[in-house]
$ cat protein27.txt   # compact mmCIF, C-alpha atoms and all ligand atoms
# COMPACT_ATOMS: atom_id res chain seq x y z
CA MET A 1 349.15 37.48 -87.86
CA SER A 2 350.83 40.71 -86.88
CA ASP A 3 351.29 40.63 -83.11
CA LYS A 4 349.02 37.70 -82.60
CA GLU A 5 350.91 34.62 -83.73
CA GLY A 6 350.53 31.84 -81.21
CA GLU A 7 347.17 33.25 -80.13
CA ARG A 8 345.09 32.22 -83.10
CA ASP A 9 341.45 31.50 -82.65
CA SER A 10 339.39 29.34 -84.93
CA GLY A 11 336.17 29.96 -83.00
CA THR A 12 335.04 33.14 -84.77
CA ASP A 13 334.30 34.19 -88.33
CA LEU A 14 337.38 36.43 -88.03
CA ASP A 15 335.27 39.49 -87.27
CA PRO A 16 337.33 42.12 -85.44
CA GLU A 17 334.68 42.82 -82.81
CA GLY A 18 334.54 39.21 -81.62
CA TYR A 19 338.30 38.85 -81.85
CA TYR A 20 339.05 41.90 -79.69
CA ASP A 21 336.27 41.07 -77.23
CA GLU A 22 338.03 37.75 -76.63
CA PHE A 23 341.53 39.22 -76.73
CA GLY A 24 340.56 41.21 -73.63
CA ALA A 25 343.30 42.52 -71.34
CA ALA A 26 346.04 41.16 -73.62
CA GLU A 27 345.34 44.19 -75.81
CA TRP A 28 346.37 46.50 -72.94
CA GLU A 29 349.64 44.55 -72.65
CA ARG A 30 350.27 44.63 -76.40
CA LEU A 31 352.26 47.84 -76.56
CA ASP A 32 354.52 46.93 -73.64
CA ARG A 33 355.02 43.25 -74.33
CA ASP A 34 358.43 43.10 -75.97
CA PRO A 35 361.06 45.42 -77.46
CA VAL A 36 359.33 45.49 -80.86
CA THR A 37 355.90 46.53 -79.59
CA ARG A 38 357.61 49.10 -77.35
CA MET A 39 359.23 50.55 -80.50
CA GLU A 40 355.75 50.88 -82.04
CA PHE A 41 354.58 52.82 -78.97
CA GLU A 42 357.72 54.97 -78.58
CA ASN A 43 357.92 55.91 -82.24
CA THR A 44 354.21 56.77 -82.32
CA THR A 45 354.34 58.90 -79.17
CA ASP A 46 357.40 60.76 -80.53
CA TYR A 47 355.25 62.02 -83.43
CA LEU A 48 352.23 62.69 -81.22
CA ALA A 49 354.44 64.83 -78.97
CA GLU A 50 355.83 66.71 -81.96
CA TYR A 51 352.61 67.39 -83.85
CA LEU A 52 349.86 67.70 -81.22
CA PRO A 53 348.79 71.17 -80.16
CA ASP A 54 350.15 72.07 -76.71
CA ALA A 55 348.14 70.75 -73.80
CA PRO A 56 346.19 73.60 -72.16
CA ASP A 57 347.09 75.48 -68.99
CA ALA A 58 344.49 75.56 -66.22
CA GLU A 59 342.66 78.64 -67.58
CA GLU A 60 342.71 77.65 -71.26
CA ARG A 61 339.97 75.71 -72.96
CA SER A 62 340.54 71.95 -73.13
CA VAL A 63 342.17 70.29 -76.15
CA ARG A 64 339.92 67.45 -77.34
CA ILE A 65 341.38 64.35 -78.97
CA LEU A 66 339.53 61.46 -80.56
CA ASP A 67 341.15 58.02 -80.18
CA ALA A 68 339.25 55.94 -82.76
CA GLY A 69 339.77 52.19 -82.40
CA GLY A 70 341.52 53.00 -79.13
CA ALA A 71 340.96 49.52 -77.65
CA ALA A 72 342.15 49.17 -74.05
CA GLY A 73 343.30 52.78 -73.91
CA ARG A 74 347.10 52.77 -73.95
CA TYR A 75 347.26 55.92 -76.07
CA ALA A 76 344.18 57.45 -74.47
CA CYS A 77 345.77 57.19 -71.01
CA TRP A 78 349.09 58.54 -72.29
CA LEU A 79 347.29 61.52 -73.84
CA ALA A 80 345.15 62.14 -70.76
CA GLU A 81 348.26 62.03 -68.55
CA GLY A 82 349.66 64.75 -70.82
CA GLY A 83 346.68 67.01 -70.05
CA TYR A 84 344.42 66.30 -73.07
CA ASP A 85 340.72 65.42 -72.96
CA VAL A 86 340.28 62.15 -74.83
CA THR A 87 337.25 60.46 -76.32
CA LEU A 88 337.94 56.81 -77.11
CA VAL A 89 335.65 54.78 -79.35
CA ASP A 90 336.06 51.13 -80.21
CA LEU A 91 333.98 48.42 -81.86
CA SER A 92 334.71 46.03 -79.00
CA ALA A 93 332.61 46.57 -75.87
CA ALA A 94 335.12 44.52 -73.86
CA GLN A 95 337.97 46.82 -74.89
CA VAL A 96 335.92 49.90 -74.00
CA ALA A 97 335.27 48.46 -70.52
CA ILE A 98 339.02 47.83 -70.03
CA ALA A 99 339.83 51.36 -71.21
CA ARG A 100 337.50 52.79 -68.54
CA GLU A 101 339.13 50.62 -65.86
CA LYS A 102 342.65 51.58 -66.93
CA ALA A 103 341.83 55.29 -67.02
CA ALA A 104 340.43 55.01 -63.47
CA GLU A 105 343.46 53.01 -62.24
CA ARG A 106 345.79 55.66 -63.62
CA GLY A 107 343.83 58.55 -62.13
CA VAL A 108 342.73 60.08 -65.45
CA ALA A 109 339.10 58.93 -65.58
CA GLU A 110 337.86 62.52 -65.68
CA ARG A 111 339.86 63.11 -68.87
CA VAL A 112 338.90 59.91 -70.73
CA THR A 113 335.45 59.17 -72.12
CA ALA A 114 335.25 55.66 -73.57
CA GLU A 115 332.32 54.38 -75.58
CA ARG A 116 331.47 51.74 -78.11
CA GLY A 117 331.61 53.16 -81.62
CA ASP A 118 332.48 52.46 -85.22
CA VAL A 119 335.06 54.47 -87.13
CA ARG A 120 332.88 54.06 -90.25
CA ASP A 121 330.05 55.99 -88.60
CA LEU A 122 331.27 58.32 -85.88
CA ARG A 123 328.52 59.85 -83.74
CA PHE A 124 330.12 63.27 -83.42
CA ALA A 125 329.38 66.60 -85.06
CA ASP A 126 331.68 68.01 -87.74
CA ASP A 127 334.79 69.80 -86.40
CA THR A 128 334.52 68.36 -82.88
CA PHE A 129 338.15 67.40 -82.21
CA ASP A 130 341.42 69.35 -82.13
CA ALA A 131 343.32 66.19 -83.09
CA VAL A 132 342.38 62.67 -84.14
CA CYS A 133 344.20 59.34 -83.62
CA CYS A 134 343.41 56.02 -85.21
CA LEU A 135 346.39 53.92 -84.17
CA GLY A 136 347.62 50.35 -84.29
CA GLY A 137 345.52 49.18 -87.22
CA PRO A 138 341.78 49.91 -86.78
CA LEU A 139 341.60 50.99 -90.44
CA SER A 140 343.31 47.76 -91.47
CA HIS A 141 340.34 45.94 -89.95
CA VAL A 142 338.04 47.77 -92.35
CA VAL A 143 338.77 45.49 -95.28
CA ASP A 144 336.23 46.76 -97.78
CA ASP A 145 337.76 49.61 -99.83
CA ASP A 146 334.60 51.73 -99.90
CA GLU A 147 334.02 51.31 -96.17
CA ARG A 148 337.64 52.26 -95.53
CA ALA A 149 337.19 55.41 -97.62
CA THR A 150 334.10 56.20 -95.52
CA ALA A 151 336.09 55.65 -92.32
CA MET A 152 338.87 57.98 -93.48
CA ALA A 153 336.26 60.60 -94.43
CA GLU A 154 334.77 60.25 -90.94
CA LEU A 155 338.15 60.86 -89.27
CA ARG A 156 338.53 63.99 -91.36
CA ARG A 157 334.96 65.22 -90.82
CA VAL A 158 335.15 65.22 -87.03
CA ALA A 159 338.51 67.04 -86.92
CA VAL A 160 338.76 70.84 -86.96
CA PRO A 161 340.43 72.42 -90.01
CA GLU A 162 344.25 72.15 -89.80
CA ALA A 163 344.01 69.49 -87.07
CA PRO A 164 346.74 66.84 -86.97
CA VAL A 165 345.42 63.34 -87.69
CA PHE A 166 347.54 60.30 -86.83
CA VAL A 167 346.71 57.01 -88.54
CA SER A 168 348.68 53.77 -88.30
CA VAL A 169 347.91 50.60 -90.22
CA ILE A 170 349.32 47.14 -90.80
CA GLY A 171 351.96 46.71 -93.51
CA ARG A 172 351.32 44.18 -96.26
CA LEU A 173 354.94 43.07 -96.68
CA ALA A 174 355.22 42.29 -92.96
CA MET A 175 351.96 40.29 -93.18
CA LEU A 176 353.48 38.21 -95.96
CA ARG A 177 356.66 37.74 -93.96
CA ASP A 178 354.50 36.57 -91.07
CA ILE A 179 352.91 33.86 -93.16
CA VAL A 180 356.29 32.78 -94.53
CA THR A 181 357.70 32.59 -91.00
CA PHE A 182 354.78 31.17 -89.02
CA GLY A 183 352.29 29.67 -91.46
CA LEU A 184 354.15 28.26 -94.41
CA ASP A 185 352.91 24.67 -94.09
CA ASP A 186 349.22 25.37 -93.66
CA SER A 187 348.70 28.89 -95.05
CA HIS A 188 351.05 29.38 -98.01
CA GLY A 189 348.02 29.59 -100.33
CA LEU A 190 347.29 32.99 -98.77
CA LEU A 191 350.54 34.49 -100.02
CA ALA A 192 349.62 35.19 -103.66
CA PRO A 193 346.19 36.79 -103.06
CA ILE A 194 347.46 38.91 -100.16
CA ALA A 195 350.48 40.04 -102.19
CA ARG A 196 348.03 41.07 -104.92
CA ASP A 197 345.51 43.14 -102.95
CA GLY A 198 346.41 43.00 -99.24
CA ASP A 199 343.14 41.41 -98.12
CA TYR A 200 343.19 38.74 -95.43
CA THR A 201 339.55 37.65 -95.38
CA ALA A 202 337.53 34.87 -93.73
CA GLU A 203 336.74 33.50 -97.20
CA ARG A 204 340.41 33.24 -98.11
CA VAL A 205 341.34 31.78 -94.76
CA ALA A 206 338.61 29.15 -95.20
CA GLU A 207 340.00 28.27 -98.62
CA HIS A 208 343.74 28.43 -97.93
CA ALA A 209 344.25 27.96 -94.18
CA ASP A 210 341.57 25.56 -92.94
CA GLY A 211 339.58 28.45 -91.47
CA GLU A 212 342.16 29.02 -88.73
CA GLY A 213 342.94 32.69 -88.48
CA TRP A 214 343.19 36.13 -86.96
CA ALA A 215 340.74 39.01 -87.41
CA GLU A 216 340.10 40.03 -91.03
CA CYS A 217 342.43 42.78 -92.14
CA HIS A 218 343.86 44.75 -95.04
CA GLY A 219 347.64 45.07 -95.28
CA PHE A 220 348.85 48.29 -96.89
CA ARG A 221 351.69 49.17 -99.22
CA VAL A 222 353.05 52.61 -98.46
CA ASP A 223 352.04 54.18 -101.79
CA GLU A 224 348.53 52.88 -101.45
CA PHE A 225 348.25 54.18 -97.87
CA GLU A 226 349.31 57.65 -98.93
CA ARG A 227 346.97 57.62 -101.94
CA GLU A 228 343.94 56.61 -99.86
CA LEU A 229 344.62 59.29 -97.26
CA GLU A 230 345.04 61.97 -99.92
CA ALA A 231 341.84 60.84 -101.64
CA ALA A 232 340.07 61.36 -98.29
CA GLY A 233 341.28 64.98 -98.20
CA PHE A 234 344.33 64.71 -95.96
CA ALA A 235 347.71 66.30 -96.58
CA VAL A 236 350.20 63.58 -95.59
CA GLU A 237 353.09 65.28 -93.80
CA LYS A 238 355.08 62.25 -92.63
CA LEU A 239 355.10 58.52 -93.22
CA VAL A 240 356.83 56.50 -90.52
CA GLY A 241 357.86 52.85 -90.32
CA LEU A 242 357.23 52.19 -86.64
CA GLU A 243 359.24 48.96 -86.39
CA ASN A 244 360.83 48.92 -89.86
CA VAL A 245 363.96 46.72 -89.84
CA ALA A 246 362.96 45.26 -86.47
CA SER A 247 359.63 43.98 -87.79
CA ARG A 248 358.94 40.38 -86.76
CA THR A 249 362.09 40.16 -84.60
CA LYS A 250 360.34 39.66 -81.29
CA CYS A 251 361.95 36.23 -80.73
CA GLU A 252 365.44 37.41 -81.68
CA LEU A 253 365.25 40.53 -79.50
CA ALA A 254 363.93 38.54 -76.54
CA GLU A 255 367.26 36.68 -76.58
CA ALA A 256 369.41 39.78 -77.09
CA ASP A 257 371.15 41.77 -74.36
CA ASP A 258 370.11 45.34 -73.53
CA GLU A 259 372.96 46.91 -75.49
CA ALA A 260 372.03 45.01 -78.64
CA VAL A 261 368.35 45.94 -78.26
CA GLU A 262 369.38 49.58 -77.85
CA SER A 263 371.35 49.39 -81.12
CA VAL A 264 368.25 48.07 -82.86
CA ARG A 265 366.09 50.86 -81.37
CA GLU A 266 368.59 53.40 -82.63
CA VAL A 267 368.68 52.08 -86.18
CA VAL A 268 364.87 51.89 -86.28
CA ARG A 269 364.74 55.54 -85.21
CA THR A 270 367.29 56.46 -87.86
CA LEU A 271 365.43 54.69 -90.65
CA ARG A 272 361.86 55.37 -89.60
CA GLU A 273 361.14 57.97 -92.30
CA ASP A 274 362.92 56.06 -95.06
CA ARG A 275 360.12 55.12 -97.48
CA THR A 276 361.42 51.62 -98.14
CA ALA A 277 361.69 51.01 -94.40
CA VAL A 278 358.12 52.29 -94.01
CA ASP A 279 356.91 49.83 -96.64
CA CYS A 280 358.57 46.90 -94.80
CA SER A 281 357.17 47.79 -91.41
CA GLU A 282 354.64 45.87 -89.34
CA HIS A 283 352.85 49.16 -88.70
CA MET A 284 353.14 52.34 -90.73
CA LEU A 285 352.09 55.69 -89.29
CA ALA A 286 350.87 58.65 -91.31
CA VAL A 287 350.92 62.11 -89.76
CA CYS A 288 348.30 64.04 -91.68
CA ARG A 289 346.73 67.46 -91.66
CA VAL A 290 343.10 68.21 -92.47
CA GLU A 291 343.21 70.35 -95.60
C1 LIG B 301 345.24 46.26 -82.68
S1 LIG B 301 343.93 47.16 -81.92
C2 LIG B 301 344.73 48.73 -81.78
C3 LIG B 301 344.29 49.43 -80.58
C4 LIG B 301 345.06 50.69 -80.16
N1 LIG B 301 344.65 51.85 -80.94
C5 LIG B 301 346.55 50.50 -80.21
O1 LIG B 301 347.21 51.13 -81.02
O2 LIG B 301 347.06 49.69 -79.45
C6 LIG B 301 342.72 47.49 -83.15
C7 LIG B 301 341.41 47.98 -82.53
O3 LIG B 301 340.57 48.47 -83.57
C8 LIG B 301 339.24 48.18 -83.23
N2 LIG B 301 338.42 48.26 -84.43
C9 LIG B 301 338.41 47.44 -85.50
N3 LIG B 301 337.51 47.85 -86.40
C10 LIG B 301 336.95 48.98 -85.89
C11 LIG B 301 335.93 49.86 -86.33
N4 LIG B 301 335.31 49.69 -87.50
N5 LIG B 301 335.60 50.90 -85.55
C12 LIG B 301 336.19 51.09 -84.34
N6 LIG B 301 337.15 50.27 -83.86
C13 LIG B 301 337.51 49.23 -84.62
C14 LIG B 301 339.31 46.79 -82.62
O4 LIG B 301 338.18 46.49 -81.84
C15 LIG B 301 340.61 46.90 -81.80
O5 LIG B 301 340.34 47.27 -80.49

$ encode --input "protein27.txt" --output "structure tokens" --more "lines below"
Ligand SMILES: C[S@@+](CC[C@H](N)C(=O)[O-])C[C@H]1O[C@@H](n2cnc3c(N)ncnc32)[C@H](O)[C@@H]1O
Amino acid sequence: MSDKEGERDSGTDLDPEGYYDEFGAAEWERLDRDPVTRMEFENTTDYLAEYLPDAPDAEERSVRILDAGGAAGRYACWLAEGGYDVTLVDLSAAQVAIAREKAAERGVAERVTAERGDVRDLRFADDTFDAVCCLGGPLSHVVDDDERATAMAELRRVAVPEAPVFVSVIGRLAMLRDIVTFGLDDSHGLLAPIARDGDYTAERVAEHADGEGWAECHGFRVDEFERELEAAGFAVEKLVGLENVASRTKCELAEADDEAVESVREVVRTLREDRTAVDCSEHMLAVCRVE
């Protein structure tokens, strides 16, 4: 599912922690693996660059950013290289260990603190961070609606008033497309329930896909995503389809020449704030403000 087709694992109960522990260093590679994942990264960092407060000069106080569900630290390292002080938390201890290694390799260890943590119960005081990121789908792995509302409230609680908060999640329509493309023979029974409520659960996978599956997740529709964020007290300033029309085209783009890939990148940039394109995207980003 999502970026993980061909890497499915039947050995877990589809819990995200076990999945990402096993996924290991492949998670670091994820955002630089092919033209489509690079679009996810480039489009996300465009909005981070636009909406983050300026990085401090030497004499100014540091700007603190939380990277919740930060995994192996791709964004944390990018932010630290830009002069921010980053605290990364992730459910997976293996990902946290990789994030520490990567920050050290890239010479930004003093700007990155990485620790095991759960976005549903953040161990930080209110108003701790000048900006908050929760990117690449951590909130999609919180399948229970009430727990997801708690997680969103946590992201808001730890951010200072007016802070920018960047959240990206997995799109439901792209999940369905994934099953149609890669799992039609053995998983088509998942289509109707996921279309209805977005939930890809161990129970459903056991019933409709012989228990073979990815980590449990919730796929969002764009209206629902916006509604949940607003209910948590965020003003949603932008919704962005990070891959939009290029969603699930990894195989096609791998065969394409550089000029063709560049044309696709351009059209994805052009359409990225089109609401229909957001709804079709593998990952949708919300740029929010704490009200
Ligand atoms: C696809 S990765 C995205 C990582 C990274 N932010 C990125 O954009 O590449 C999702 C991450 O969310 C983490 N995660 C899932 N549920 C979480 C939770 N409740 N609290 C913290 N992290 C969680 C997983 O362990 C995994 O590392």

$ atom_distance --input "protein27.txt" --atom1 "atom CA of A:Ala97" --atom2 "atom CA of A:Arg116"
9.1 Å

$ closest_atom_pairs --input "protein27.txt" --of "chain A" --to "ligand LIG 301 (chain B)" --cutoff "7 Å" --atoms "only C-alpha atoms and all ligand atoms" --output "Markdown table"
| residue | atom | partner | partner_atom | distance |
| --- | --- | --- | --- | --- |
| A:Pro16 | CA | B:LIG301 | C9 | 5.4 |
| A:Glu17 | CA | B:LIG301 | O4 | 5.2 |
| A:Tyr20 | CA | B:LIG301 | O4 | 5.1 |
| A:Glu27 | CA | B:LIG301 | O2 | 6.8 |
| A:Arg30 | CA | B:LIG301 | O2 | 6.7 |
| A:Leu31 | CA | B:LIG301 | O2 | 6.2 |
| A:Ala68 | CA | B:LIG301 | C12 | 5.9 |
| A:Gly69 | CA | B:LIG301 | N6 | 3.6 |
| A:Gly70 | CA | B:LIG301 | N1 | 3.8 |
| A:Ala71 | CA | B:LIG301 | O5 | 3.7 |
| A:Ala72 | CA | B:LIG301 | C3 | 6.9 |
| A:Gly73 | CA | B:LIG301 | C4 | 6.8 |
| A:Arg74 | CA | B:LIG301 | O2 | 6.3 |
| A:Tyr75 | CA | B:LIG301 | C5 | 6.9 |
| A:Val89 | CA | B:LIG301 | C12 | 6.2 |
| A:Asp90 | CA | B:LIG301 | N6 | 3.9 |
| A:Leu91 | CA | B:LIG301 | N6 | 4.2 |
| A:Ser92 | CA | B:LIG301 | O4 | 4.5 |
| A:Gln95 | CA | B:LIG301 | O5 | 6.1 |
| A:Gly117 | CA | B:LIG301 | C12 | 5.7 |
| A:Asp118 | CA | B:LIG301 | N5 | 3.5 |
| A:Val119 | CA | B:LIG301 | N5 | 3.9 |
| A:Arg120 | CA | B:LIG301 | N4 | 5.7 |
| A:Cys134 | CA | B:LIG301 | N1 | 6.1 |
| A:Leu135 | CA | B:LIG301 | N1 | 4.2 |
| A:Gly136 | CA | B:LIG301 | O1 | 3.4 |
| A:Gly137 | CA | B:LIG301 | C6 | 5.2 |
| A:Pro138 | CA | B:LIG301 | O3 | 3.7 |
| A:Leu139 | CA | B:LIG301 | N3 | 6.6 |
| A:His141 | CA | B:LIG301 | N3 | 4.9 |
| A:Val142 | CA | B:LIG301 | N4 | 5.9 |

$ residues_around --input "protein27.txt" --residues "stretch 48-50 of chain A" --least-positions-apart "4" --cutoff "9 Å" --atoms "all atoms listed in the file" --output "compact mmCIF listing (two decimals) with C-alpha atoms, in the frame of the given file"
# COMPACT_ATOMS: atom_id res chain seq x y z
CA ASN A 43 357.92 55.91 -82.24
CA THR A 44 354.21 56.77 -82.32
CA ASP A 54 350.15 72.07 -76.71
CA LEU A 79 347.29 61.52 -73.84
CA PRO A 164 346.74 66.84 -86.97
CA PHE A 166 347.54 60.30 -86.83
CA VAL A 287 350.92 62.11 -89.76

$ residues_around --input "protein27.txt" --residues "A:Pro56" --least-positions-apart "4" --cutoff "8 Å" --atoms "all atoms listed in the file" --output "list in words"
Glu60, Arg61, Ser62, Val63, Gly83 and Tyr84 of chain A

$ residues_around --input "protein27.txt" --residues "A:Thr201" --least-positions-apart "4" --cutoff "12 Å" --atoms "only C-alpha atoms" --output "PyMOL selection string"
chain A and resi 13-16+140-144+190+193-194+197+205-209+211-219

$ residues_around --input "protein27.txt" --residues "A:Leu88" --least-positions-apart "5" --cutoff "7 Å" --atoms "all atoms listed in the file" --output "PyMOL selection string"
chain A and resi 66-68+70+76+113-115

$ residues_around --input "protein27.txt" --residues "A:Leu173" --least-positions-apart "3" --cutoff "10 Å" --atoms "only C-alpha atoms" --output "ChimeraX atom specification"
/A:170,176-178,194-195,198,219-222,279-282

$ atom_distance --input "protein27.txt" --atom1 "atom CA of A:Phe182" --atom2 "atom CA of A:Glu259"
27.6 Å

$ closest_residue --input "protein27.txt" --among "A:Ala80, A:Ile65, A:Ala26, A:Ala153" --to "A:Ala231" --atoms "only C-alpha atoms"
A:Ala153

$ closest_residue --input "protein27.txt" --among "A:His188, A:Arg64, A:His283, A:Arg148" --to "A:Arg111" --atoms "all atoms listed in the file"
A:Arg64

$ atom_distance --input "protein27.txt" --atom1 "atom CA of A:Cys77" --atom2 "atom CA of A:Val112"
7.4 Å

$ closest_residue --input "protein27.txt" --among "A:Gly82, A:Pro53, A:Gly189, A:Gly183" --to "A:Ala131" --atoms "all atoms listed in the file"
A:Pro53

$ closest_residue --input "protein27.txt" --among "A:Glu243, A:Glu266, A:Glu59, A:Glu101" --to "A:Trp28" --atoms "all atoms listed in the file"
A:Glu101

$ axis_aligned_box --input "protein27.txt" --around "stretch 61-76 of chain A" --padding-each-side "5 Å" --output "AutoDock Vina command-line options"
--center_x 343.3 --center_y 62.4 --center_z -77.9 --size_x 18.0 --size_y 36.5 --size_z 19.8

$ build_atoms --input "protein27.txt" --residues "stretch 78-95 of chain A" --atoms "N, CA and C atoms" --output "PDB file, keeping the file's coordinate frame"
ATOM      1  N   TRP A  78     347.872  57.731 -72.085  1.00  0.00           N
ATOM      2  CA  TRP A  78     349.090  58.540 -72.290  1.00  0.00           C
ATOM      3  C   TRP A  78     348.705  59.986 -72.603  1.00  0.00           C
ATOM      4  N   LEU A  79     347.727  60.164 -73.465  1.00  0.00           N
ATOM      5  CA  LEU A  79     347.290  61.520 -73.840  1.00  0.00           C
ATOM      6  C   LEU A  79     346.657  62.240 -72.649  1.00  0.00           C
ATOM      7  N   ALA A  80     345.821  61.530 -71.911  1.00  0.00           N
ATOM      8  CA  ALA A  80     345.150  62.140 -70.760  1.00  0.00           C
ATOM      9  C   ALA A  80     346.191  62.537 -69.711  1.00  0.00           C
ATOM     10  N   GLU A  81     347.193  61.696 -69.518  1.00  0.00           N
ATOM     11  CA  GLU A  81     348.260  62.030 -68.550  1.00  0.00           C
ATOM     12  C   GLU A  81     349.024  63.274 -68.999  1.00  0.00           C
ATOM     13  N   GLY A  82     349.002  63.543 -70.295  1.00  0.00           N
ATOM     14  CA  GLY A  82     349.660  64.750 -70.820  1.00  0.00           C
ATOM     15  C   GLY A  82     348.762  65.972 -70.766  1.00  0.00           C
ATOM     16  N   GLY A  83     347.535  65.843 -70.242  1.00  0.00           N
ATOM     17  CA  GLY A  83     346.680  67.010 -70.050  1.00  0.00           C
ATOM     18  C   GLY A  83     345.592  67.181 -71.117  1.00  0.00           C
ATOM     19  N   TYR A  84     345.449  66.203 -72.021  1.00  0.00           N
ATOM     20  CA  TYR A  84     344.420  66.300 -73.070  1.00  0.00           C
ATOM     21  C   TYR A  84     343.120  65.642 -72.601  1.00  0.00           C
ATOM     22  N   ASP A  85     342.011  66.069 -73.194  1.00  0.00           N
ATOM     23  CA  ASP A  85     340.720  65.420 -72.960  1.00  0.00           C
ATOM     24  C   ASP A  85     340.465  64.455 -74.112  1.00  0.00           C
ATOM     25  N   VAL A  86     340.296  63.184 -73.798  1.00  0.00           N
ATOM     26  CA  VAL A  86     340.280  62.150 -74.830  1.00  0.00           C
ATOM     27  C   VAL A  86     338.915  61.466 -74.880  1.00  0.00           C
ATOM     28  N   THR A  87     338.429  61.292 -76.100  1.00  0.00           N
ATOM     29  CA  THR A  87     337.250  60.460 -76.320  1.00  0.00           C
ATOM     30  C   THR A  87     337.708  59.232 -77.084  1.00  0.00           C
ATOM     31  N   LEU A  88     337.542  58.073 -76.462  1.00  0.00           N
ATOM     32  CA  LEU A  88     337.940  56.810 -77.110  1.00  0.00           C
ATOM     33  C   LEU A  88     336.686  56.127 -77.608  1.00  0.00           C
ATOM     34  N   VAL A  89     336.727  55.656 -78.865  1.00  0.00           N
ATOM     35  CA  VAL A  89     335.650  54.780 -79.350  1.00  0.00           C
ATOM     36  C   VAL A  89     336.285  53.503 -79.880  1.00  0.00           C
ATOM     37  N   ASP A  90     335.577  52.404 -79.698  1.00  0.00           N
ATOM     38  CA  ASP A  90     336.060  51.130 -80.210  1.00  0.00           C
ATOM     39  C   ASP A  90     334.862  50.220 -80.461  1.00  0.00           C
ATOM     40  N   LEU A  91     335.026  49.382 -81.494  1.00  0.00           N
ATOM     41  CA  LEU A  91     333.980  48.420 -81.860  1.00  0.00           C
ATOM     42  C   LEU A  91     333.756  47.397 -80.755  1.00  0.00           C
ATOM     43  N   SER A  92     334.780  47.100 -79.997  1.00  0.00           N
ATOM     44  CA  SER A  92     334.710  46.030 -79.000  1.00  0.00           C
ATOM     45  C   SER A  92     334.270  46.590 -77.644  1.00  0.00           C
ATOM     46  N   ALA A  93     333.116  46.117 -77.174  1.00  0.00           N
ATOM     47  CA  ALA A  93     332.610  46.570 -75.870  1.00  0.00           C
ATOM     48  C   ALA A  93     333.570  46.153 -74.759  1.00  0.00           C
ATOM     49  N   ALA A  94     334.189  44.985 -74.898  1.00  0.00           N
ATOM     50  CA  ALA A  94     335.120  44.520 -73.860  1.00  0.00           C
ATOM     51  C   ALA A  94     336.322  45.452 -73.773  1.00  0.00           C
ATOM     52  N   GLN A  95     336.829  45.897 -74.915  1.00  0.00           N
ATOM     53  CA  GLN A  95     337.970  46.820 -74.890  1.00  0.00           C
ATOM     54  C   GLN A  95     337.581  48.157 -74.258  1.00  0.00           C
TER      55      GLN A  95
END
